[in-house]
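**Q** Got run_1.txt for you, compact mmCIF, C-alpha atoms:
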# COMPACT_ATOMS: atom_id res chain seq x y z
CA MET Q 1075 -23.11 29.95 6.64
CA VAL Q 1076 -20.45 31.24 4.24
CA SER Q 1077 -21.44 31.05 0.58
CA MET Q 1078 -19.53 31.24 -2.69
CA LYS Q 1079 -20.97 34.70 -3.15
CA ASP Q 1080 -19.36 35.83 0.12
CA ILE Q 1081 -15.99 34.49 -1.02
CA ALA Q 1082 -16.36 36.10 -4.46
CA GLU Q 1083 -17.03 39.51 -2.89
CA LYS Q 1084 -14.07 39.14 -0.53
CA CYS Q 1085 -11.72 38.21 -3.38
CA ASN Q 1086 -13.28 40.62 -5.89
CA VAL Q 1087 -13.87 37.82 -8.41
CA SER Q 1088 -16.97 36.22 -9.94
CA ILE Q 1089 -18.92 33.39 -8.33
CA ALA Q 1090 -17.99 31.25 -11.35
CA THR Q 1091 -14.30 31.81 -10.60
CA VAL Q 1092 -14.81 30.74 -6.98
CA SER Q 1093 -16.61 27.61 -8.15
CA LYS Q 1094 -13.79 26.71 -10.53
CA ALA Q 1095 -11.18 27.15 -7.80
CA ILE Q 1096 -13.06 25.08 -5.24
CA ASN Q 1097 -13.84 22.33 -7.77
CA ASN Q 1098 -10.21 22.25 -8.99
CA TYR Q 1099 -10.89 23.27 -12.59
CA SER Q 1100 -7.85 23.78 -14.78
CA ASP Q 1101 -9.01 26.94 -16.60
CA ILE Q 1102 -8.17 29.31 -13.75
CA GLY Q 1103 -4.89 31.04 -12.87
CA GLY Q 1104 -2.74 29.62 -10.10
CA GLU Q 1105 -2.58 32.85 -8.07
CA THR Q 1106 -6.33 33.40 -8.28
CA LYS Q 1107 -6.98 29.79 -7.32
CA SER Q 1108 -4.68 30.04 -4.29
CA LEU Q 1109 -6.32 33.31 -3.21
CA VAL Q 1110 -9.81 31.84 -3.42
CA LEU Q 1111 -8.90 28.63 -1.58
CA GLN Q 1112 -7.08 30.48 1.17
CA THR Q 1113 -9.95 32.94 1.60
CA ALA Q 1114 -12.48 30.09 1.65
CA SER Q 1115 -10.47 28.36 4.37
CA GLU Q 1116 -10.15 31.52 6.45
CA MET Q 1117 -13.87 32.23 6.17
CA GLY Q 1118 -14.76 28.67 7.18
CA TYR Q 1119 -16.46 27.76 3.92
CA LEU Q 1120 -17.86 24.23 3.69
CA PRO Q 1121 -19.22 22.94 0.38
CA ASN Q 1122 -22.83 21.78 0.39
CA SER Q 1123 -22.96 18.08 -0.42
CA SER Q 1124 -26.47 18.27 -1.88
CA ALA Q 1125 -25.47 21.09 -4.20
CA ARG Q 1126 -22.37 19.19 -5.26
CA ALA Q 1127 -24.48 16.10 -5.96
CA LEU Q 1128 -26.81 18.09 -8.21
CA LYS Q 1129 -23.87 19.55 -10.10
CA THR Q 1130 -21.74 16.41 -10.47
CA LYS Q 1131 -24.54 13.80 -10.53
CA ARG Q 1132 -22.67 11.97 -7.76
CA SER Q 1133 -23.29 11.58 -4.05
CA TYR Q 1134 -19.62 10.96 -3.18
CA ASN Q 1135 -20.90 8.16 -0.99
CA LEU Q 1136 -19.79 4.53 -1.26
CA GLY Q 1137 -21.86 1.60 -0.06
CA VAL Q 1138 -20.32 -1.20 2.01
CA LEU Q 1139 -22.02 -4.60 1.91
CA PHE Q 1140 -20.64 -6.72 4.74
CA VAL Q 1141 -22.63 -9.47 6.47
CA ASP Q 1142 -20.48 -12.30 7.87
CA GLN Q 1143 -22.09 -15.57 8.93
CA GLY Q 1144 -20.74 -15.28 12.47
CA MET Q 1145 -22.48 -11.90 12.85
CA SER Q 1146 -19.28 -10.48 14.31
CA GLY Q 1147 -19.72 -7.17 12.49
CA LEU Q 1148 -16.82 -4.75 12.72
CA THR Q 1149 -15.12 -6.91 15.38
CA HIS Q 1150 -14.23 -9.40 12.62
CA ASP Q 1151 -10.49 -10.02 12.99
CA TYR Q 1152 -9.79 -9.99 9.25
CA PHE Q 1153 -12.39 -7.82 7.55
CA ASN Q 1154 -12.34 -4.99 10.08
CA HIS Q 1155 -8.82 -4.16 8.90
CA VAL Q 1156 -9.84 -4.55 5.25
CA LEU Q 1157 -12.72 -2.12 5.77
CA GLU Q 1158 -10.49 0.31 7.64
CA GLY Q 1159 -8.16 0.41 4.64
CA PHE Q 1160 -11.17 0.95 2.40
CA ARG Q 1161 -12.42 3.79 4.60
CA LYS Q 1162 -9.06 5.57 4.68
CA LYS Q 1163 -8.56 5.51 0.92
CA SER Q 1164 -12.20 6.53 0.29
CA GLN Q 1165 -11.88 9.54 2.56
CA GLU Q 1166 -8.58 10.51 0.93
CA LYS Q 1167 -10.47 10.62 -2.36
CA GLY Q 1168 -13.32 12.69 -0.89
CA TYR Q 1169 -15.89 9.91 -0.45
CA ASP Q 1170 -17.95 8.91 2.57
CA ILE Q 1171 -19.12 5.36 3.26
CA THR Q 1172 -22.54 3.92 4.16
CA PHE Q 1173 -23.39 0.35 5.11
CA ALA Q 1174 -25.77 -0.95 2.46
CA ILE Q 1175 -28.17 -2.82 4.72
CA GLY Q 1176 -30.99 -1.51 6.84
CA LYS Q 1177 -34.60 -0.41 7.08
CA ASN Q 1178 -36.64 2.55 5.93
CA SER Q 1179 -39.89 3.40 7.72
CA GLY Q 1180 -39.78 0.01 9.42
CA ARG Q 1181 -39.49 -1.94 6.13
CA ARG Q 1182 -36.36 -3.92 5.46
CA MET Q 1183 -34.90 -3.13 2.07
CA ASN Q 1184 -32.91 -5.57 0.01
CA TYR Q 1185 -29.33 -4.63 -0.83
CA TYR Q 1186 -30.14 -3.11 -4.23
CA GLU Q 1187 -33.04 -1.07 -2.85
CA HIS Q 1188 -30.96 0.24 0.01
CA CYS Q 1189 -28.14 1.28 -2.33
CA ARG Q 1190 -30.63 3.15 -4.52
CA TYR Q 1191 -32.30 4.73 -1.49
CA ARG Q 1192 -28.95 5.98 -0.17
CA GLY Q 1193 -27.90 7.08 -3.64
CA VAL Q 1194 -24.44 5.54 -3.37
CA ASP Q 1195 -22.11 5.96 -6.33
CA GLY Q 1196 -20.79 2.42 -5.98
CA VAL Q 1197 -20.58 -0.57 -3.64
CA VAL Q 1198 -17.87 -2.80 -2.21
CA ALA Q 1199 -19.08 -6.27 -1.20
CA ALA Q 1200 -17.20 -8.50 1.24
CA CYS Q 1201 -17.96 -11.54 3.36
CA VAL Q 1202 -21.53 -12.07 2.13
CA ASP Q 1203 -23.37 -14.97 0.54
CA PHE Q 1204 -22.51 -14.07 -3.03
CA TYR Q 1205 -24.77 -16.85 -4.35
CA SER Q 1206 -27.94 -15.46 -2.74
CA GLU Q 1207 -30.51 -13.91 -5.06
CA GLU Q 1208 -30.35 -10.66 -3.10
CA VAL Q 1209 -26.61 -10.27 -3.77
CA GLN Q 1210 -26.94 -11.49 -7.35
CA GLU Q 1211 -29.54 -8.76 -8.01
CA LEU Q 1212 -26.93 -6.21 -6.98
CA VAL Q 1213 -24.28 -7.92 -9.12
CA ARG Q 1214 -26.57 -7.78 -12.16
CA SER Q 1215 -27.47 -4.11 -11.58
CA ASP Q 1216 -25.87 -1.03 -13.14
CA ILE Q 1217 -24.37 0.09 -9.82
CA PRO Q 1218 -20.54 0.08 -9.90
CA LEU Q 1219 -19.41 -2.85 -7.75
CA VAL Q 1220 -16.12 -4.27 -6.49
CA THR Q 1221 -16.00 -7.58 -4.65
CA ILE Q 1222 -13.43 -8.65 -2.07
CA ASP Q 1223 -12.24 -12.27 -1.95
CA HIS Q 1224 -14.86 -13.41 -4.47
CA VAL Q 1225 -15.05 -13.36 -8.26
CA CYS Q 1226 -18.24 -12.38 -10.09
CA ASP Q 1227 -18.41 -12.33 -13.89
CA GLY Q 1228 -18.11 -8.82 -15.28
CA ARG Q 1229 -17.12 -7.28 -11.93
CA ILE Q 1230 -13.80 -6.13 -10.48
CA ALA Q 1231 -12.50 -8.41 -7.73
CA VAL Q 1232 -9.77 -7.66 -5.21
CA MET Q 1233 -8.29 -10.77 -3.66
CA SER Q 1234 -5.67 -11.76 -1.18
CA ASN Q 1235 -3.25 -14.00 -3.10
CA ASN Q 1236 -4.53 -17.17 -1.46
CA ALA Q 1237 -2.86 -19.51 -3.93
CA LEU Q 1238 0.60 -18.08 -3.28
CA GLY Q 1239 -0.08 -17.78 0.45
CA MET Q 1240 -0.99 -21.45 0.84
CA GLU Q 1241 1.96 -22.47 -1.31
CA ARG Q 1242 4.42 -20.55 0.87
CA LEU Q 1243 2.85 -21.81 4.09
CA LEU Q 1244 2.97 -25.47 3.04
CA GLU Q 1245 6.49 -25.16 1.65
CA TYR Q 1246 7.66 -23.70 4.97
CA VAL Q 1247 6.09 -26.53 6.99
CA TYR Q 1248 7.69 -29.02 4.59
CA SER Q 1249 11.08 -27.30 4.95
CA GLN Q 1250 10.83 -27.89 8.69
CA GLY Q 1251 10.81 -31.63 8.04
CA HIS Q 1252 7.07 -32.34 8.23
CA ARG Q 1253 5.65 -34.95 5.87
CA LYS Q 1254 2.41 -35.83 7.68
CA ILE Q 1255 0.47 -32.58 7.23
CA ALA Q 1256 -3.28 -32.20 7.79
CA TYR Q 1257 -5.49 -29.35 6.68
CA VAL Q 1258 -8.65 -28.18 8.47
CA TYR Q 1259 -10.24 -25.99 5.79
CA GLY Q 1260 -13.08 -23.46 5.80
CA ASP Q 1261 -16.50 -22.91 4.23
CA ASP Q 1262 -17.23 -23.69 0.58
CA THR Q 1263 -16.16 -20.32 -0.84
CA THR Q 1264 -13.92 -19.03 -3.61
CA VAL Q 1265 -11.16 -18.51 -1.03
CA THR Q 1266 -11.40 -22.09 0.22
CA LYS Q 1267 -11.45 -23.56 -3.27
CA THR Q 1268 -8.35 -21.56 -4.21
CA ARG Q 1269 -6.48 -22.59 -1.07
CA LEU Q 1270 -7.43 -26.25 -1.45
CA SER Q 1271 -6.25 -26.31 -5.07
CA SER Q 1272 -2.99 -24.66 -4.07
CA PHE Q 1273 -2.55 -27.05 -1.14
CA TYR Q 1274 -2.96 -30.14 -3.33
CA ARG Q 1275 -0.83 -28.71 -6.14
CA THR Q 1276 1.99 -27.77 -3.76
CA ALA Q 1277 1.78 -31.13 -1.98
CA ARG Q 1278 2.11 -32.90 -5.32
CA SER Q 1279 5.13 -30.82 -6.31
CA LEU Q 1280 6.75 -31.66 -2.97
CA GLY Q 1281 6.00 -35.36 -3.34
CA LEU Q 1282 3.69 -35.41 -0.31
CA ASN Q 1283 0.99 -38.03 0.13
CA ILE Q 1284 -2.04 -36.48 1.84
CA PRO Q 1285 -4.49 -39.11 3.20
CA ASP Q 1286 -8.17 -38.26 2.83
CA ASP Q 1287 -8.56 -38.39 6.62
CA TYR Q 1288 -6.07 -35.51 6.90
CA MET Q 1289 -8.44 -33.17 5.02
CA ARG Q 1290 -11.10 -31.99 7.44
CA PRO Q 1291 -13.99 -29.59 6.59
CA SER Q 1292 -14.76 -26.85 9.08
CA LEU Q 1293 -15.99 -23.25 9.14
CA TYR Q 1294 -14.10 -19.97 9.18
CA ARG Q 1295 -13.68 -18.41 12.62
CA ASN Q 1296 -15.32 -21.37 14.36
CA ALA Q 1297 -13.04 -22.46 17.21
CA ASP Q 1298 -15.42 -25.19 18.42
CA ARG Q 1299 -15.64 -26.87 15.00
CA ALA Q 1300 -11.87 -26.61 14.60
CA ALA Q 1301 -11.40 -28.24 18.02
CA GLU Q 1302 -13.66 -31.14 16.96
CA GLN Q 1303 -11.67 -31.72 13.80
CA THR Q 1304 -8.43 -31.47 15.73
CA ALA Q 1305 -9.67 -34.19 18.08
CA PHE Q 1306 -10.47 -36.40 15.08
CA LEU Q 1307 -6.97 -35.93 13.69
CA LEU Q 1308 -5.24 -36.60 17.01
CA ASP Q 1309 -7.23 -39.82 17.46
CA LEU Q 1310 -6.16 -41.26 14.11
CA PRO Q 1311 -3.94 -44.38 14.24
CA ASP Q 1312 -1.31 -42.38 12.34
CA PRO Q 1313 -1.91 -38.73 13.34
CA PRO Q 1314 -0.30 -35.79 11.52
CA THR Q 1315 2.76 -33.99 12.85
CA CYS Q 1316 1.38 -30.62 11.76
CA ILE Q 1317 -2.15 -29.25 11.33
CA LEU Q 1318 -3.01 -26.23 9.18
CA TYR Q 1319 -6.12 -24.19 10.00
CA PRO Q 1320 -8.29 -21.93 7.79
CA ASP Q 1321 -7.71 -18.87 9.99
CA ASP Q 1322 -5.97 -17.92 13.22
CA TYR Q 1323 -9.19 -17.87 15.24
CA SER Q 1324 -9.86 -21.49 14.27
CA ALA Q 1325 -6.28 -22.32 15.19
CA PHE Q 1326 -7.07 -21.19 18.73
CA GLY Q 1327 -9.70 -23.93 18.86
CA GLY Q 1328 -7.11 -26.48 17.83
CA PHE Q 1329 -4.69 -24.98 20.33
CA ASN Q 1330 -7.20 -25.51 23.16
CA GLU Q 1331 -7.97 -29.11 22.19
CA ILE Q 1332 -4.27 -29.97 22.07
CA ARG Q 1333 -3.63 -28.34 25.43
CA SER Q 1334 -6.63 -30.14 26.99
CA ARG Q 1335 -4.90 -33.44 26.25
CA GLY Q 1336 -1.78 -32.41 28.09
CA MET Q 1337 0.12 -32.04 24.82
CA HIS Q 1338 2.50 -29.21 24.02
CA ILE Q 1339 2.93 -27.08 20.91
CA PRO Q 1340 5.22 -27.53 19.03
CA ASP Q 1341 6.99 -30.33 20.94
CA ASP Q 1342 4.16 -32.87 20.55
CA ILE Q 1343 2.45 -31.45 17.48
CA SER Q 1344 2.86 -28.39 15.27
CA ILE Q 1345 0.11 -26.07 14.07
CA ALA Q 1346 -0.19 -23.13 11.66
CA GLY Q 1347 -2.93 -20.62 10.97
CA TYR Q 1348 -3.83 -18.08 8.30
CA ASP Q 1349 -4.54 -14.31 8.37
CA GLY Q 1350 -1.90 -12.96 10.78
CA ILE Q 1351 -4.17 -11.37 13.38
CA LEU Q 1352 -2.36 -9.62 16.21
CA ALA Q 1353 -3.40 -12.06 18.95
CA ALA Q 1354 -1.89 -14.97 17.02
CA ARG Q 1355 1.46 -13.25 16.82
CA ILE Q 1356 1.75 -12.40 20.51
CA LEU Q 1357 0.54 -15.57 22.24
CA GLU Q 1358 3.04 -18.24 23.27
CA PRO Q 1359 4.03 -20.14 21.33
CA LYS Q 1360 3.68 -17.52 18.58
CA LEU Q 1361 1.48 -18.93 15.87
CA THR Q 1362 3.03 -19.65 12.49
CA THR Q 1363 0.66 -17.94 10.07
CA MET Q 1364 0.32 -16.34 6.65
CA CYS Q 1365 -0.25 -12.63 7.29
CA GLN Q 1366 -2.62 -11.11 4.76
CA ASP Q 1367 -2.08 -7.44 3.91
CA THR Q 1368 -5.59 -6.47 4.92
CA GLU Q 1369 -5.18 -2.70 4.73
CA ALA Q 1370 -3.68 -2.93 1.24
CA ILE Q 1371 -6.64 -5.05 0.14
CA GLY Q 1372 -9.09 -2.44 1.43
CA ARG Q 1373 -7.22 0.47 -0.09
CA LEU Q 1374 -6.94 -1.25 -3.46
CA ALA Q 1375 -10.68 -2.05 -3.42
CA ALA Q 1376 -11.44 1.64 -2.80
CA GLU Q 1377 -9.07 2.74 -5.58
CA LYS Q 1378 -10.63 0.36 -8.09
CA LEU Q 1379 -14.19 1.28 -7.14
CA ILE Q 1380 -13.55 5.01 -7.38
CA GLU Q 1381 -11.77 4.52 -10.70
CA LEU Q 1382 -14.80 2.58 -11.95
CA ILE Q 1383 -17.11 5.42 -10.83
CA GLU Q 1384 -15.05 8.31 -12.18
CA TYR Q 1385 -13.61 6.68 -15.33
CA PRO Q 1386 -16.10 3.92 -16.30
CA ARG Q 1387 -14.92 3.76 -19.91
CA THR Q 1388 -11.29 3.04 -19.08
CA ALA Q 1389 -11.53 1.07 -15.82
CA ILE Q 1390 -10.19 -2.47 -16.25
CA ILE Q 1391 -12.60 -5.22 -15.20
CA ASP Q 1392 -10.25 -7.83 -13.81
CA ARG Q 1393 -9.09 -9.70 -10.73
CA PHE Q 1394 -6.42 -7.94 -8.65
CA THR Q 1395 -4.41 -9.76 -5.99
CA VAL Q 1396 -2.41 -8.65 -2.95
CA ASP Q 1397 0.42 -10.82 -1.62
CA GLY Q 1398 0.78 -11.74 2.04
CA VAL Q 1399 3.86 -12.33 4.19
CA LEU Q 1400 4.70 -15.51 6.10
CA PHE Q 1401 5.13 -15.09 9.85
CA LYS Q 1402 7.21 -18.08 10.92
CA GLY Q 1403 6.40 -17.84 14.62
CA THR Q 1404 7.32 -20.74 16.89
CA SER Q 1405 4.40 -23.15 16.56
CA VAL Q 1406 6.00 -25.34 13.87
CA LYS Q 1407 8.77 -27.57 15.17
CA GLU Q 1408 11.80 -28.45 13.04
CA LEU Q 1409 11.88 -32.22 12.61
CA ARG Q 1410 15.08 -34.04 11.82
CA GLN Q 1411 14.73 -36.46 8.95
Spell out the structure here as C-alpha cells.

**A**
Amino acid sequence: MVSMKDIAEKCNVSIATVSKAINNYSDIGGETKSLVLQTASEMGYLPNSSARALKTKRSYNLGVLFVDQGMSGLTHDYFNHVLEGFRKKSQEKGYDITFAIGKNSGRRMNYYEHCRYRGVDGVVAACVDFYSEEVQELVRSDIPLVTIDHVCDGRIAVMSNNALGMERLLEYVYSQGHRKIAYVYGDDTTVTKTRLSSFYRTARSLGLNIPDDYMRPSLYRNADRAAEQTAFLLDLPDPPTCILYPDDYSAFGGFNEIRSRGMHIPDDISIAGYDGILAARILEPKLTTMCQDTEAIGRLAAEKLIELIEYPRTAIIDRFTVDGVLFKGTSVKELRQ
C-alpha cells in the first residue's frame, strides 16, 4: 500500500508537505500541491479512513434513520428518492452513509447507541415515529441531527412545502369548476397537519363549503384504506365530484374502487394525488398530482447536516422548505359552471 512517505520521496518533499496537499491546506504552493496530488493519483494512493478520523476527530460517516410504518424500506416511492439525493450530496462532500439501526453481537441497540457505536458525525432522520422515546433520546443528544418532514425544537428541519403544495393543488381543482371536493388525508403527522390547515385555509379563501363527511382519515401508502374511504364517499347522498388523496399510492386504491363500480375517471368522478411518483404520471388517465422535489429535499438535508457538523457555531437552526410542482395530468375533469 502506498504511503505518504512514498509520495514524499517521489516528489522530494517532506511528509508534512504531502499531508497538507492531500488535506487541501492553504499554506502550500500551488505547483507543489499539484505535483503531490498528481503523483499520489499515479501511485494509487488511498487515504486511510481510520488515520483521518484520528487526525480530524471525524468519521466522515453520516447516519440515516429511516423506519417507515409500512416496512417498505428503500422501495418507498417517496423517501427512496429523498435518500438518493442525500446520498449523492454526502458523497460529493466526502462522506459515507450508514443506516442507524441494527444489532451488535446479537443485541439490538437503540438509535442513539447505534449512532455512537458506528461513530457517525451526524444523523438524518426521516419517516420514523418522532414521538417515540427512542427517537426523542436521539433528538435530545449532542449528535448533530437534521429531520426531514418533521420539526423538532432546536433541530434543523428540511421540509417539502406542503402548505403551498396543497394550496396549489386545491386551487387547480377549483379552477376546473369543482366545488364538491373531498379529502382523504394521511396519518397524524406534521405533514398531515400542515396539509389539512392549508386545505381548510385555501377552501375558505375560495368560498368553498367542505362538509365533515368529505374529510376522511386514512393512512399514507395504504391503498386498501383509501379504497374503503373512497367507497364511503361514493355512497354519500351527495357525493363529491373530486377526491384528493394523501399520496399517489393511496390514489391507486381509490382508482381501483372507482373502476370496480364501472365508473370512469375523470368522466364520472375526478381524483388527484400527492408526491408525483413515476407510475402516477404514466398510467391512464395520468394522475393529477403535486410533484415533490424529492432529490432536492435529500440534497438540502445533506448540505445542512454537513454544515452543522463542520461549522457548528455558524449553522442556522431553522426550518427549510422545498417547493413542488403541480402535474396537471388528466384525472381532473373540467366542469362547466

**Q** Need to verify the contact set: stretch 1380-1387 of chain Q, 7 Å, all atoms listed in the file, exclusion of same-chain residues closer than 4 positions in sequence. Can you return it as a list of chain:residue names?

**A**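 These residues fall inside the cut-off: Q:Asp1195, Q:Gly1196, Q:Pro1218, Q:Ala1376.
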
**Q** Kindly give the distance, in Å, that separates atom CA of Q:Leu1280 and atom CA of Q:Ala1237, rounded to a single decimal.

**A**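 Computing it gives 15.5 Å between the two atoms.
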
**Q** For each of Q:Asp1227, Q:Asp1286, Q:Asp1170, Q:Asp1101, take the minimum atom-to-atom distance to Q:Leu1307, counting only C-alpha atoms, then give the residue where this is smallest.

**A**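 Smallest distance to Q:Leu1307 is found for Q:Asp1286.
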
**Q** Counting all atoms listed in the file, which residues have an atom no more than 12 Å from (-0.7, -16.2, 23.2) in the file's coordinates? Please list them as number ranges by chain.

**A** Q: 1322-1323, 1325-1326, 1329-1330, 1339, 1351-1362, 1403-1405

**Q** Tell me, in Å to one decimal, how far atom CA of Q:Leu1308 is from atom CA of Q:Gly1336.

**A**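 Interatomic distance, atom CA of Q:Leu1308 to atom CA of Q:Gly1336: 12.3 Å.
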
**Q** Rounded to one decimal, what separation in Å do you get between atom CA of Q:Gly1228 and atom CA of Q:Ile1391?

**A**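 Distance between the two atoms: 6.6 Å.
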
**Q** Would you fill out stretch 1339-1349 of chain Q with all heavy atoms and return it as a short mmCIF file (atom, residue, chain, number, x, y, z; two decimals), keeping the file's coordinate frame?

**A**
data_model
loop_
_atom_site.label_atom_id
_atom_site.label_comp_id
_atom_site.auth_asym_id
_atom_site.auth_seq_id
_atom_site.Cartn_x
_atom_site.Cartn_y
_atom_site.Cartn_z
N ILE Q 1339 2.62 -27.61 22.25
CA ILE Q 1339 2.93 -27.08 20.91
C ILE Q 1339 4.24 -26.30 21.00
O ILE Q 1339 4.38 -25.45 21.88
CB ILE Q 1339 1.79 -26.15 20.43
CG1 ILE Q 1339 0.46 -26.90 20.40
CG2 ILE Q 1339 2.11 -25.54 19.07
CD1 ILE Q 1339 -0.75 -26.00 20.18
N PRO Q 1340 5.22 -26.60 20.15
CA PRO Q 1340 5.22 -27.53 19.03
C PRO Q 1340 5.90 -28.87 19.34
O PRO Q 1340 6.11 -29.66 18.42
CB PRO Q 1340 6.04 -26.77 17.99
CG PRO Q 1340 7.09 -26.09 18.81
CD PRO Q 1340 6.40 -25.71 20.11
N ASP Q 1341 6.24 -29.12 20.61
CA ASP Q 1341 6.99 -30.33 20.94
C ASP Q 1341 6.25 -31.60 20.55
O ASP Q 1341 6.85 -32.53 20.00
CB ASP Q 1341 7.33 -30.36 22.43
CG ASP Q 1341 8.27 -29.23 22.84
OD1 ASP Q 1341 9.02 -28.76 21.95
OD2 ASP Q 1341 8.25 -28.81 24.00
N ASP Q 1342 4.94 -31.66 20.85
CA ASP Q 1342 4.16 -32.87 20.55
C ASP Q 1342 3.47 -32.80 19.20
O ASP Q 1342 3.28 -33.84 18.55
CB ASP Q 1342 3.12 -33.10 21.66
CG ASP Q 1342 3.77 -33.31 23.01
OD1 ASP Q 1342 4.78 -34.03 23.07
OD2 ASP Q 1342 3.27 -32.73 24.00
N ILE Q 1343 3.07 -31.64 18.79
CA ILE Q 1343 2.45 -31.45 17.48
C ILE Q 1343 2.59 -29.99 17.08
O ILE Q 1343 2.57 -29.09 17.94
CB ILE Q 1343 0.97 -31.87 17.49
CG1 ILE Q 1343 0.41 -31.84 16.06
CG2 ILE Q 1343 0.15 -30.99 18.43
CD1 ILE Q 1343 -0.95 -32.52 15.92
N SER Q 1344 2.73 -29.75 15.79
CA SER Q 1344 2.86 -28.39 15.27
C SER Q 1344 1.53 -27.93 14.66
O SER Q 1344 0.74 -28.75 14.19
CB SER Q 1344 3.96 -28.34 14.19
OG SER Q 1344 5.22 -28.65 14.74
N ILE Q 1345 1.32 -26.63 14.69
CA ILE Q 1345 0.11 -26.07 14.07
C ILE Q 1345 0.48 -24.78 13.34
O ILE Q 1345 1.49 -24.13 13.65
CB ILE Q 1345 -1.00 -25.78 15.10
CG1 ILE Q 1345 -0.57 -24.67 16.08
CG2 ILE Q 1345 -1.40 -27.04 15.85
CD1 ILE Q 1345 -1.71 -24.20 16.99
N ALA Q 1346 -0.37 -24.39 12.38
CA ALA Q 1346 -0.19 -23.13 11.66
C ALA Q 1346 -1.56 -22.58 11.29
O ALA Q 1346 -2.50 -23.34 11.02
CB ALA Q 1346 0.66 -23.32 10.41
N GLY Q 1347 -1.67 -21.27 11.29
CA GLY Q 1347 -2.93 -20.62 10.97
C GLY Q 1347 -2.86 -19.87 9.66
O GLY Q 1347 -2.00 -20.12 8.81
N TYR Q 1348 -3.78 -18.91 9.51
CA TYR Q 1348 -3.83 -18.08 8.30
C TYR Q 1348 -4.53 -16.77 8.66
O TYR Q 1348 -5.52 -16.79 9.38
CB TYR Q 1348 -4.62 -18.79 7.19
CG TYR Q 1348 -4.18 -18.44 5.79
CD1 TYR Q 1348 -3.44 -19.32 5.03
CD2 TYR Q 1348 -4.53 -17.21 5.23
CE1 TYR Q 1348 -3.03 -19.01 3.74
CE2 TYR Q 1348 -4.13 -16.88 3.96
CZ TYR Q 1348 -3.38 -17.79 3.21
OH TYR Q 1348 -2.97 -17.45 1.94
N ASP Q 1349 -4.02 -15.68 8.23
CA ASP Q 1349 -4.54 -14.31 8.37
C ASP Q 1349 -3.51 -13.38 9.00
O ASP Q 1349 -3.31 -12.27 8.55
CB ASP Q 1349 -5.83 -14.22 9.20
CG ASP Q 1349 -7.06 -14.66 8.42
OD1 ASP Q 1349 -6.95 -14.81 7.19
OD2 ASP Q 1349 -8.11 -14.87 9.05
#
